>>> print(open('target_4.cif').read())   # mmCIF, C-alpha atoms (C1' of nucleotides)
data_data
#
loop_
_atom_site.label_atom_id
_atom_site.label_comp_id
_atom_site.auth_asym_id
_atom_site.auth_seq_id
_atom_site.Cartn_x
_atom_site.Cartn_y
_atom_site.Cartn_z
CA MET A 54 13.59 13.98 -3.89
CA PHE A 55 15.15 17.07 -5.46
CA SER A 56 13.47 19.70 -7.61
CA LYS A 57 14.17 19.83 -11.34
CA SER A 58 16.18 22.99 -10.71
CA CYS A 59 18.34 21.12 -8.27
CA GLU A 60 18.81 18.17 -10.59
CA TYR A 61 19.94 20.46 -13.40
CA GLY A 62 22.08 22.42 -10.95
CA ILE A 63 23.94 19.36 -9.74
CA LYS A 64 24.53 18.10 -13.27
CA ALA A 65 25.67 21.52 -14.46
CA THR A 66 28.04 21.89 -11.55
CA ALA A 67 29.51 18.44 -12.16
CA PHE A 68 29.98 19.26 -15.85
CA ILE A 69 31.57 22.66 -15.17
CA ALA A 70 33.89 21.09 -12.61
CA ASN A 71 34.96 18.40 -15.04
CA GLU A 72 35.69 21.01 -17.70
CA ALA A 73 37.55 23.09 -15.12
CA GLN A 74 39.88 20.14 -14.64
CA LYS A 75 40.58 20.40 -18.35
CA HIS A 76 41.11 24.16 -17.90
CA ASN A 77 38.03 25.01 -19.91
CA ARG A 78 35.43 27.69 -19.34
CA VAL A 79 32.03 26.62 -20.69
CA SER A 80 29.10 28.52 -22.18
CA LEU A 81 25.48 28.22 -21.15
CA LYS A 82 24.73 26.57 -24.48
CA ALA A 83 27.44 23.98 -24.02
CA ILE A 84 26.23 23.20 -20.50
CA ALA A 85 22.60 22.80 -21.52
CA LYS A 86 23.66 20.50 -24.33
CA ALA A 87 25.90 18.42 -22.08
CA ILE A 88 23.23 17.88 -19.44
CA ASP A 89 20.26 17.84 -21.83
CA SER A 90 18.35 20.69 -20.17
CA PRO A 91 16.28 23.66 -21.42
CA VAL A 92 18.71 26.49 -22.16
CA ALA A 93 16.86 29.47 -20.69
CA PHE A 94 15.83 27.61 -17.56
CA THR A 95 19.39 26.43 -17.07
CA ALA A 96 20.50 30.07 -17.33
CA LYS A 97 18.39 30.95 -14.28
CA ILE A 98 19.86 28.10 -12.30
CA LEU A 99 23.42 29.01 -13.23
CA GLN A 100 22.74 32.62 -12.24
CA GLN A 101 21.50 31.39 -8.88
CA LEU A 102 24.59 29.22 -8.42
CA ALA A 103 26.80 32.16 -9.44
CA ARG A 104 25.05 34.49 -6.99
CA THR A 105 25.60 31.96 -4.21
CA GLY A 106 29.26 31.86 -5.17
CA ILE A 107 29.30 28.17 -6.04
CA ILE A 108 30.30 28.81 -9.64
CA ASP A 109 31.82 31.87 -11.32
CA SER A 110 30.29 33.60 -14.33
CA VAL A 111 32.20 35.64 -16.87
CA GLN A 112 30.30 38.03 -19.10
CA GLY A 113 30.99 39.07 -22.67
CA ALA A 114 32.42 37.30 -25.67
CA SER A 115 34.33 34.13 -24.76
CA GLY A 116 32.61 34.35 -21.41
CA GLY A 117 30.81 31.52 -19.70
CA PHE A 118 30.89 29.62 -16.44
CA GLU A 119 33.75 28.11 -14.51
CA ILE A 120 34.89 26.92 -11.13
CA LYS A 121 38.35 27.69 -9.85
CA LEU A 122 40.39 24.50 -9.87
CA SER A 123 41.44 25.09 -6.28
CA ARG A 124 37.80 25.00 -5.16
CA ILE A 125 36.38 21.92 -6.80
CA ASN A 126 37.43 19.65 -3.97
CA LYS A 127 36.02 22.08 -1.41
CA ILE A 128 32.50 22.57 -2.72
CA LYS A 129 30.17 20.03 -1.16
CA LEU A 130 27.15 18.59 -2.91
CA SER A 131 25.14 19.80 0.08
CA GLU A 132 25.99 23.41 -0.79
CA VAL A 133 24.64 23.01 -4.31
CA VAL A 134 21.44 21.48 -2.97
CA ALA A 135 21.06 24.16 -0.30
CA ALA A 136 21.55 26.93 -2.88
CA LEU A 137 18.68 25.61 -5.00
CA ASP A 138 16.32 23.69 -2.74
CA GLY A 139 17.11 25.18 0.65
CA ASP A 140 17.65 23.10 3.74
CA SER A 141 14.16 21.66 4.21
CA ILE A 142 15.44 18.31 3.01
CA TYR A 143 17.65 18.14 6.10
CA LYS A 144 15.62 20.06 8.58
CA GLY A 145 11.96 19.75 7.70
CA CYS A 146 9.60 17.28 9.37
CA GLY A 147 8.70 14.25 7.26
CA LEU A 148 5.02 15.08 7.66
CA GLY A 149 5.36 18.84 7.31
CA LEU A 150 4.82 19.77 10.94
CA LYS A 151 6.30 23.12 11.89
CA ALA A 152 7.17 22.21 15.43
CA CYS A 153 8.30 18.61 15.14
CA ASN A 154 11.14 17.66 17.48
CA ALA A 155 12.22 15.02 19.95
CA ALA A 156 10.02 16.56 22.64
CA LYS A 157 6.89 16.58 20.47
CA PRO A 158 7.61 14.31 17.53
CA CYS A 159 5.38 13.37 14.61
CA PRO A 160 4.64 9.65 14.14
CA VAL A 161 7.56 9.16 11.76
CA HIS A 162 10.02 11.50 13.47
CA ASP A 163 12.58 9.00 14.76
CA LYS A 164 12.68 6.85 11.68
CA PHE A 165 12.87 9.82 9.36
CA MET A 166 15.62 11.47 11.31
CA ARG A 167 17.86 8.52 10.52
CA ILE A 168 17.19 8.69 6.80
CA ARG A 169 17.57 12.42 6.60
CA GLU A 170 20.74 12.23 8.64
CA ALA A 171 22.16 9.63 6.27
CA LEU A 172 21.23 11.88 3.37
CA ARG A 173 22.85 14.89 5.03
CA ILE A 174 26.07 13.00 5.70
CA MET A 175 26.13 11.72 2.15
CA LEU A 176 25.63 15.19 0.65
CA GLU A 177 28.15 16.76 3.00
CA SER A 178 30.79 14.14 2.35
CA THR A 179 30.51 14.32 -1.43
CA THR A 180 32.40 17.06 -3.22
CA VAL A 181 31.99 18.46 -6.67
CA LYS A 182 35.35 16.91 -7.45
CA ASP A 183 33.96 13.48 -6.62
CA LEU A 184 31.21 14.03 -9.18
CA ALA A 185 33.64 15.32 -11.81
CA GLN A 186 35.98 12.40 -11.22
CA GLY A 187 33.40 9.87 -12.34
CA LEU A 188 32.79 11.84 -15.53
CA LYS A 189 36.50 12.19 -16.19
CA GLU A 190 37.01 8.46 -15.85
CA GLY A 191 34.03 7.75 -18.09
CA LYS A 192 32.32 5.89 -15.27
CA THR A 193 29.30 8.16 -14.90
CA TYR A 194 27.00 10.03 -17.26
CA LEU A 195 24.88 13.18 -17.35
CA LYS A 196 22.34 12.21 -20.02
CA ARG A 197 19.76 9.54 -20.90
CA MET B 1 10.49 14.49 0.41
CA PHE B 2 6.78 13.65 0.20
CA SER B 3 4.06 15.67 -1.46
CA LYS B 4 1.54 17.55 0.67
CA SER B 5 -1.06 14.97 -0.37
CA CYS B 6 1.15 12.25 0.96
CA GLU B 7 1.84 14.05 4.22
CA TYR B 8 -1.87 14.53 4.83
CA GLY B 9 -2.53 10.96 3.75
CA ILE B 10 -0.07 9.49 6.23
CA LYS B 11 -1.39 11.63 9.07
CA ALA B 12 -4.99 10.80 8.21
CA THR B 13 -4.25 7.10 8.04
CA ALA B 14 -2.47 7.19 11.39
CA PHE B 15 -5.41 9.04 12.93
CA ILE B 16 -8.02 6.70 11.47
CA ALA B 17 -6.02 3.69 12.66
CA ASN B 18 -5.76 5.08 16.15
CA GLU B 19 -9.51 5.70 16.24
CA ALA B 20 -10.08 2.20 14.86
CA GLN B 21 -8.28 0.85 17.89
CA LYS B 22 -10.90 2.68 19.96
CA HIS B 23 -13.59 1.15 17.73
CA ASN B 24 -14.50 4.53 16.26
CA ARG B 25 -15.37 5.46 12.72
CA VAL B 26 -14.38 9.05 11.93
CA SER B 27 -15.82 11.72 9.65
CA LEU B 28 -13.92 13.79 7.10
CA LYS B 29 -14.42 16.85 9.28
CA ALA B 30 -13.01 15.14 12.35
CA ILE B 31 -10.00 13.92 10.41
CA ALA B 32 -9.23 17.33 8.90
CA LYS B 33 -9.48 18.87 12.34
CA ALA B 34 -7.26 16.25 13.94
CA ILE B 35 -4.51 16.60 11.39
CA ASP B 36 -5.01 20.34 10.72
CA SER B 37 -5.58 20.02 6.97
CA PRO B 38 -7.90 21.69 4.42
CA VAL B 39 -11.20 19.78 4.51
CA ALA B 40 -12.01 19.51 0.78
CA PHE B 41 -8.46 18.66 -0.18
CA THR B 42 -8.34 16.00 2.51
CA ALA B 43 -11.54 14.55 1.05
CA LYS B 44 -9.77 13.92 -2.26
CA ILE B 45 -6.91 12.19 -0.53
CA LEU B 46 -9.20 9.99 1.54
CA GLN B 47 -11.10 9.03 -1.60
CA GLN B 48 -7.82 8.03 -3.21
CA LEU B 49 -6.85 5.96 -0.18
CA ALA B 50 -10.29 4.35 -0.15
CA ARG B 51 -10.09 3.53 -3.86
CA THR B 52 -6.71 1.90 -3.29
CA GLY B 53 -8.27 -0.14 -0.50
CA ILE B 54 -6.05 1.23 2.26
CA ILE B 55 -8.96 2.68 4.19
CA ASP B 56 -12.69 1.98 4.02
CA SER B 57 -15.31 4.65 3.46
CA VAL B 58 -18.92 4.44 4.60
CA GLN B 59 -21.46 6.75 3.00
CA GLY B 60 -24.54 8.35 4.49
CA ALA B 61 -25.44 9.59 7.96
CA SER B 62 -23.05 8.37 10.66
CA GLY B 63 -20.76 7.37 7.84
CA GLY B 64 -17.10 8.22 7.63
CA PHE B 65 -13.77 6.47 7.31
CA GLU B 66 -12.34 3.47 9.09
CA ILE B 67 -9.78 0.71 8.91
CA LYS B 68 -10.62 -2.83 9.94
CA LEU B 69 -8.86 -3.59 13.20
CA SER B 70 -7.46 -6.80 11.76
CA ARG B 71 -5.68 -4.85 9.03
CA ILE B 72 -3.91 -2.06 10.88
CA ASN B 73 -0.85 -4.16 11.56
CA LYS B 74 -0.74 -5.33 7.95
CA ILE B 75 -0.82 -2.01 6.11
CA LYS B 76 2.69 -0.76 5.50
CA LEU B 77 3.62 2.89 5.40
CA SER B 78 5.08 2.18 1.96
CA GLU B 79 1.61 1.31 0.66
CA VAL B 80 0.23 4.65 1.76
CA VAL B 81 3.12 6.47 0.11
CA ALA B 82 2.80 4.43 -3.08
CA ALA B 83 -0.93 5.13 -3.26
CA LEU B 84 -0.36 8.89 -3.19
CA ASP B 85 3.13 9.58 -4.53
CA GLY B 86 3.80 6.48 -6.62
CA ASP B 87 7.08 4.65 -6.52
CA SER B 88 9.43 7.28 -7.97
CA ILE B 89 10.86 7.82 -4.52
CA TYR B 90 12.26 4.28 -4.63
CA LYS B 91 12.95 3.84 -8.29
CA GLY B 92 13.71 7.21 -9.88
CA CYS B 93 17.26 8.43 -10.50
CA GLY B 94 18.46 11.11 -8.08
CA LEU B 95 19.21 13.39 -11.01
CA GLY B 96 16.13 12.55 -13.05
CA LEU B 97 17.84 10.45 -15.72
CA LYS B 98 15.54 8.01 -17.44
CA ALA B 99 18.12 5.34 -18.06
CA CYS B 100 20.24 5.48 -14.93
CA ASN B 101 21.52 2.12 -13.74
CA ALA B 102 24.63 0.34 -12.56
CA ALA B 103 25.83 -0.05 -16.16
CA LYS B 104 25.42 3.65 -17.01
CA PRO B 105 25.04 5.46 -13.70
CA CYS B 106 24.61 9.17 -13.01
CA PRO B 107 27.26 10.82 -10.83
CA VAL B 108 25.29 10.24 -7.63
CA HIS B 109 23.88 6.82 -8.51
CA ASP B 110 25.72 4.65 -5.99
CA LYS B 111 25.38 7.00 -3.07
CA PHE B 112 21.72 7.62 -3.73
CA MET B 113 20.88 3.99 -4.06
CA ARG B 114 21.93 3.46 -0.48
CA ILE B 115 19.76 6.28 0.83
CA ARG B 116 16.74 5.27 -1.21
CA GLU B 117 17.19 1.67 -0.15
CA ALA B 118 17.27 2.71 3.50
CA LEU B 119 14.13 4.74 2.92
CA ARG B 120 12.42 1.83 1.23
CA ILE B 121 13.27 -0.55 4.04
CA MET B 122 12.06 1.95 6.60
CA LEU B 123 8.74 2.50 4.84
CA GLU B 124 8.22 -1.22 4.30
CA SER B 125 9.02 -2.15 7.87
CA THR B 126 6.71 0.45 9.41
CA THR B 127 3.04 -0.40 9.72
CA VAL B 128 0.05 1.83 10.26
CA LYS B 129 -0.25 0.22 13.67
CA ASP B 130 3.22 1.47 14.57
CA LEU B 131 2.10 4.99 13.76
CA ALA B 132 -1.15 4.63 15.70
CA GLN B 133 0.68 3.19 18.69
CA GLY B 134 2.66 6.38 19.25
CA LEU B 135 -0.53 8.42 19.17
CA LYS B 136 -2.28 6.06 21.53
CA GLU B 137 0.54 6.30 24.03
CA GLY B 138 0.63 10.09 23.72
CA LYS B 139 4.19 9.93 22.47
CA THR B 140 3.62 11.39 19.02
CA TYR B 141 1.50 14.18 17.58
CA LEU B 142 -0.26 15.08 14.34
CA LYS B 143 -0.36 18.88 14.66
CA ARG B 144 1.94 21.90 15.16
"C1'" DT C 97 35.08 51.48 -33.40
"C1'" DT C 98 32.21 48.00 -34.83
"C1'" DT C 99 30.66 43.39 -34.42
"C1'" DA C 100 29.53 39.13 -32.55
"C1'" DA C 101 29.35 36.09 -28.72
"C1'" DA C 102 28.21 35.89 -24.32
"C1'" DT C 103 25.59 36.59 -19.62
"C1'" DC C 104 21.81 39.31 -17.06
"C1'" DG C 105 17.30 40.06 -15.68
"C1'" DG C 106 12.45 41.08 -16.18
"C1'" DA C 107 8.03 39.60 -18.16
"C1'" DT C 108 5.29 36.01 -19.40
"C1'" DA C 109 3.56 31.34 -20.39
"C1'" DA C 110 2.77 26.42 -19.47
"C1'" DG C 111 2.27 22.69 -16.33
"C1'" DT C 112 1.64 20.62 -11.87
"C1'" DT C 113 0.27 20.57 -7.19
"C1'" DT C 114 -2.59 22.30 -3.81
"C1'" DG C 115 -6.86 23.95 -2.46
"C1'" DT C 116 -12.10 25.38 -2.96
"C1'" DC C 117 -16.98 25.08 -4.28
"C1'" DC C 118 -21.08 22.92 -4.96
"C1'" DG C 119 -24.60 19.85 -6.53
"C1'" DA C 120 -25.66 14.86 -6.41
"C1'" DG C 121 -25.97 10.57 -4.14
"C1'" DT C 122 -26.26 7.69 0.22
"C1'" DT C 123 -27.95 6.33 4.69
"C1'" DA C 124 -29.47 6.29 9.77
"C1'" DG C 125 -32.81 7.79 12.47
"C1'" DA C 126 -36.74 10.77 13.88
"C1'" DT D 17 -41.32 9.44 4.57
"C1'" DC D 18 -38.56 13.27 5.61
"C1'" DT D 19 -34.45 15.26 7.21
"C1'" DA D 20 -29.89 15.87 8.51
"C1'" DA D 21 -25.31 14.15 8.34
"C1'" DC D 22 -22.46 12.18 5.65
"C1'" DT D 23 -19.32 10.88 1.21
"C1'" DC D 24 -18.67 11.34 -4.04
"C1'" DG D 25 -17.05 13.55 -7.96
"C1'" DG D 26 -16.62 17.17 -11.31
"C1'" DA D 27 -15.38 21.90 -12.20
"C1'" DC D 28 -12.81 25.52 -10.96
"C1'" DA D 29 -9.19 28.62 -8.72
"C1'" DA D 30 -4.82 29.75 -6.53
"C1'" DA D 31 -0.02 28.97 -5.85
"C1'" DC D 32 4.14 27.14 -7.08
"C1'" DT D 33 7.48 25.07 -10.28
"C1'" DT D 34 9.19 24.70 -14.72
"C1'" DA D 35 10.09 26.76 -19.04
"C1'" DT D 36 10.32 30.48 -22.73
"C1'" DC D 37 11.14 35.07 -24.79
"C1'" DC D 38 13.52 39.11 -25.50
"C1'" DG D 39 15.82 43.42 -24.85
"C1'" DA D 40 19.89 45.26 -22.20
"C1'" DT D 41 24.52 44.85 -20.96
"C1'" DT D 42 29.26 43.18 -21.11
"C1'" DT D 43 33.45 41.98 -23.40
"C1'" DA D 44 37.02 39.98 -26.75
"C1'" DA D 45 38.56 40.47 -31.03
"C1'" DA D 46 38.52 41.98 -35.85
#
>>> encode(input="target_4.cif", output="structure tokens")
Amino acid sequence: MFSKSCEYGIKATAFIANEAQKHNRVSLKAIAKAIDSPVAFTAKILQQLARTGIIDSVQGASGGFEIKLSRINKIKLSEVVAALDGDSIYKGCGLGLKACNAAKPCPVHDKFMRIREALRIMLESTTVKDLAQGLKEGKTYLKR
Amino acid sequence: MFSKSCEYGIKATAFIANEAQKHNRVSLKAIAKAIDSPVAFTAKILQQLARTGIIDSVQGASGGFEIKLSRINKIKLSEVVAALDGDSIYKGCGLGLKACNAAKPCPVHDKFMRIREALRIMLESTTVKDLAQGLKEGKTYLKR
DNA sequence: TTTAAATCGGATAAGTTTGTCCGAGTTAGA
DNA sequence: TCTAACTCGGACAAACTTATCCGATTTAAA
């Protein structure tokens, strides 16, 4: 469904948001450990998320990554996905046709539209805070 | 969502089924042309589908690929997908966790389950005949 | 001012998917 | 029996994703 980059990105964002609620800034190392991901690869993903403005990076000693507390309930899961995987998951044709639409649909067009629409709504109605909340309450996990 | 292999495979299967309804057997070349796919790569996919028993292949002159008319309303879209992409699309965790379940869920577990379940139901309730029907009626397309 | 703990960013490697090439085998029909 | 039109299957190549390495830069604190 999502690329590895996107999976790591979502987990990292959830972790950073949860730490933000505890007023912590977290290092790359700490993030990679928390989400069980390769450190250097995770760095690239965090840079991408920082460039997009989803997370903030702070350089230098005692630096790291953070999300402003006031923003964690505003960032949608869909934004994280779009930053890393683009919008093909919402927009693309299920069979990869370039010009697939209601006027000239592919054989799975109608049925796929419903699924993709449900996915879009789900991603757009879930915030980073929602993800962090589960972690905070010990109801959800980022490893195993 | 699906791999390129799977996209080509679904299109090819739909095309073969539609031709089967016209009592035609079709060659690799004809299939690749109809679905606008690379010939040699399509060959691999058709071989895979033939091995799985989804389509039938006939060697030699005037050979090609076909689906028995009596089977086109029995083959589910989910079987085609499973043959080419496996079942990770139904079973895998949205964030790639190996041990993600209701007891120890990832942050998107519940929400993803619903989407994947909808996808599963859709793929299992769509037959190859459904796909061919749209083509036959000129309502759906395999190119562009 | 020096040091150590960080991120940044470019180069490169490994792995997977996608795509190509070609010789061998199969079969209908001339 | 020969030929032409097919599929089969292995080896290879290209492109993309995933992952690693390392030097440069930034910054807090001793």
>>> resolve_selection(input="target_4.cif", expression="the PyMOL selection byres ((chain D) within 7 of (chain A))", output="list in words")
DA35, DT36, DT42, DT43 and DA44 of chain D
>>> closest_atom_pairs(input="target_4.cif", of="chain C", to="chain A", cutoff="8 Å", atoms="all atoms listed in the file", output="tab-separated table")
residue	atom	partner	partner_atom	distance
C:DA100	C1'	A:Ala114	CA	7.7
C:DA101	C1'	A:Ala114	CA	4.5
C:DA102	C1'	A:Gly113	CA	4.5
C:DT103	C1'	A:Gln112	CA	5.0
>>> atom_distance(input="target_4.cif", atom1="CA of Glu60 in chain A", atom2="CA of Asp89 in chain A")
11.3 Å
>>> calpha_fit_and_write(input="target_4.cif", fixed="chain A", moving="chain B", output="short mmCIF file (atom, residue, chain, number, x, y, z; two decimals) with C-alpha atoms, in the coordinates of the input")
data_model
loop_
_atom_site.label_atom_id
_atom_site.label_comp_id
_atom_site.auth_asym_id
_atom_site.auth_seq_id
_atom_site.Cartn_x
_atom_site.Cartn_y
_atom_site.Cartn_z
CA MET B 1 13.65 14.08 -3.78
CA PHE B 2 15.23 17.16 -5.36
CA SER B 3 13.54 19.78 -7.48
CA LYS B 4 14.19 19.90 -11.22
CA SER B 5 16.22 23.07 -10.62
CA CYS B 6 18.38 21.19 -8.20
CA GLU B 7 18.85 18.22 -10.52
CA TYR B 8 19.96 20.50 -13.34
CA GLY B 9 22.12 22.47 -10.93
CA ILE B 10 23.99 19.40 -9.71
CA LYS B 11 24.53 18.12 -13.24
CA ALA B 12 25.68 21.53 -14.45
CA THR B 13 28.08 21.91 -11.56
CA ALA B 14 29.53 18.46 -12.17
CA PHE B 15 29.98 19.27 -15.85
CA ILE B 16 31.58 22.65 -15.22
CA ALA B 17 33.93 21.08 -12.67
CA ASN B 18 34.96 18.39 -15.09
CA GLU B 19 35.66 20.99 -17.77
CA ALA B 20 37.56 23.06 -15.21
CA GLN B 21 39.87 20.11 -14.73
CA LYS B 22 40.56 20.36 -18.47
CA HIS B 23 41.12 24.10 -18.02
CA ASN B 24 38.00 24.95 -20.02
CA ARG B 25 35.42 27.62 -19.43
CA VAL B 26 32.00 26.58 -20.75
CA SER B 27 29.07 28.49 -22.22
CA LEU B 28 25.43 28.21 -21.17
CA LYS B 29 24.66 26.53 -24.48
CA ALA B 30 27.37 23.93 -24.02
CA ILE B 31 26.20 23.18 -20.51
CA ALA B 32 22.54 22.80 -21.50
CA LYS B 33 23.58 20.48 -24.29
CA ALA B 34 25.83 18.40 -22.06
CA ILE B 35 23.21 17.88 -19.41
CA ASP B 36 20.20 17.84 -21.77
CA SER B 37 18.31 20.69 -20.10
CA PRO B 38 16.21 23.65 -21.33
CA VAL B 39 18.64 26.48 -22.13
CA ALA B 40 16.81 29.49 -20.64
CA PHE B 41 15.80 27.64 -17.51
CA THR B 42 19.36 26.45 -17.03
CA ALA B 43 20.48 30.07 -17.31
CA LYS B 44 18.41 30.98 -14.26
CA ILE B 45 19.89 28.14 -12.27
CA LEU B 46 23.45 29.04 -13.23
CA GLN B 47 22.80 32.64 -12.24
CA GLN B 48 21.59 31.44 -8.86
CA LEU B 49 24.67 29.27 -8.42
CA ALA B 50 26.89 32.17 -9.47
CA ARG B 51 25.17 34.54 -7.03
CA THR B 52 25.72 32.03 -4.24
CA GLY B 53 29.38 31.89 -5.22
CA ILE B 54 29.41 28.19 -6.10
CA ILE B 55 30.37 28.83 -9.70
CA ASP B 56 31.88 31.87 -11.40
CA SER B 57 30.35 33.58 -14.40
CA VAL B 58 32.26 35.60 -16.98
CA GLN B 59 30.33 37.98 -19.21
CA GLY B 60 30.97 38.98 -22.79
CA ALA B 61 32.44 37.19 -25.80
CA SER B 62 34.28 33.99 -24.89
CA GLY B 63 32.62 34.28 -21.52
CA GLY B 64 30.79 31.49 -19.77
CA PHE B 65 30.90 29.60 -16.50
CA GLU B 66 33.77 28.09 -14.59
CA ILE B 67 34.94 26.91 -11.20
CA LYS B 68 38.42 27.68 -9.94
CA LEU B 69 40.45 24.49 -9.97
CA SER B 70 41.52 25.06 -6.39
CA ARG B 71 37.90 25.02 -5.25
CA ILE B 72 36.45 21.91 -6.87
CA ASN B 73 37.51 19.68 -4.02
CA LYS B 74 36.14 22.12 -1.47
CA ILE B 75 32.60 22.60 -2.75
CA LYS B 76 30.27 20.09 -1.15
CA LEU B 77 27.25 18.65 -2.88
CA SER B 78 25.25 19.88 0.10
CA GLU B 79 26.12 23.48 -0.79
CA VAL B 80 24.74 23.07 -4.28
CA VAL B 81 21.54 21.55 -2.92
CA ALA B 82 21.19 24.24 -0.27
CA ALA B 83 21.66 26.98 -2.86
CA LEU B 84 18.77 25.67 -4.96
CA ASP B 85 16.42 23.76 -2.66
CA GLY B 86 17.23 25.27 0.73
CA ASP B 87 17.67 23.17 3.81
CA SER B 88 14.16 21.74 4.24
CA ILE B 89 15.44 18.39 3.08
CA TYR B 90 17.57 18.21 6.24
CA LYS B 91 15.46 20.09 8.70
CA GLY B 92 11.78 19.77 7.77
CA CYS B 93 9.46 17.25 9.41
CA GLY B 94 8.61 14.23 7.25
CA LEU B 95 4.93 15.01 7.65
CA GLY B 96 5.21 18.77 7.33
CA LEU B 97 4.62 19.64 10.99
CA LYS B 98 6.05 22.98 12.00
CA ALA B 99 6.87 22.05 15.55
CA CYS B 100 8.06 18.47 15.22
CA ASN B 101 10.88 17.52 17.56
CA ALA B 102 11.99 14.85 19.99
CA ALA B 103 9.73 16.31 22.69
CA LYS B 104 6.61 16.33 20.49
CA PRO B 105 7.41 14.12 17.51
CA CYS B 106 5.22 13.18 14.55
CA PRO B 107 4.56 9.47 14.03
CA VAL B 108 7.52 9.05 11.68
CA HIS B 109 9.91 11.42 13.44
CA ASP B 110 12.51 8.95 14.72
CA LYS B 111 12.66 6.84 11.60
CA PHE B 112 12.88 9.85 9.33
CA MET B 113 15.59 11.49 11.31
CA ARG B 114 17.86 8.58 10.55
CA ILE B 115 17.22 8.74 6.82
CA ARG B 116 17.61 12.50 6.64
CA GLU B 117 20.77 12.30 8.70
CA ALA B 118 22.21 9.71 6.32
CA LEU B 119 21.28 11.96 3.42
CA ARG B 120 22.90 14.95 5.07
CA ILE B 121 26.11 13.08 5.75
CA MET B 122 26.19 11.81 2.19
CA LEU B 123 25.69 15.27 0.70
CA GLU B 124 28.25 16.83 3.03
CA SER B 125 30.88 14.19 2.38
CA THR B 126 30.58 14.37 -1.41
CA THR B 127 32.48 17.10 -3.21
CA VAL B 128 32.05 18.49 -6.69
CA LYS B 129 35.40 16.93 -7.48
CA ASP B 130 34.01 13.50 -6.64
CA LEU B 131 31.25 14.05 -9.17
CA ALA B 132 33.66 15.34 -11.82
CA GLN B 133 36.00 12.41 -11.25
CA GLY B 134 33.41 9.88 -12.37
CA LEU B 135 32.80 11.85 -15.55
CA LYS B 136 36.49 12.19 -16.22
CA GLU B 137 37.01 8.47 -15.90
CA GLY B 138 34.01 7.75 -18.12
CA LYS B 139 32.32 5.92 -15.28
CA THR B 140 29.30 8.19 -14.89
CA TYR B 141 27.00 10.05 -17.25
CA LEU B 142 24.88 13.20 -17.31
CA LYS B 143 22.31 12.22 -19.96
CA ARG B 144 19.71 9.52 -20.75
#
>>> residues_around(input="target_4.cif", residues="Ala17 in chain B", least_positions_apart="5", cutoff="9 Å", atoms="only C-alpha atoms (C1' of nucleotides)", output="ChimeraX atom specification")
/B:12,22,66-69,72,128-129,131-132
>>> residues_around(input="target_4.cif", residues="Lys76 in chain B", least_positions_apart="4", cutoff="10 Å", atoms="all atoms listed in the file", output="number ranges by chain")
B: 54, 71-72, 80-81, 122-130
>>> atom_distance(input="target_4.cif", atom1="CA of Phe2 in chain B", atom2="CA of Ile89 in chain B")
8.5 Å
>>> decode(input="target_4.cif", residues="range 82-97 of chain B", atoms="C-alpha atoms", output="CSV table (one decimal), in the first residue's frame")
chain,number,residue,atom,x,y,z
B,82,ALA,CA,-3.2,-13.0,-5.5
B,83,ALA,CA,-1.4,-14.8,-8.3
B,84,LEU,CA,0.7,-11.7,-9.1
B,85,ASP,CA,1.0,-9.6,-5.9
B,86,GLY,CA,0.3,-12.2,-3.2
B,87,ASP,CA,-2.0,-11.5,-0.3
B,88,SER,CA,0.0,-8.8,1.5
B,89,ILE,CA,-2.6,-6.3,0.3
B,90,TYR,CA,-5.2,-8.0,2.5
B,91,LYS,CA,-3.1,-9.2,5.3
B,92,GLY,CA,-0.1,-6.9,5.8
B,93,CYS,CA,0.0,-4.2,8.4
B,94,GLY,CA,-0.4,-0.7,7.0
B,95,LEU,CA,2.9,0.3,8.6
B,96,GLY,CA,4.8,-2.8,7.8
B,97,LEU,CA,4.8,-4.3,11.4
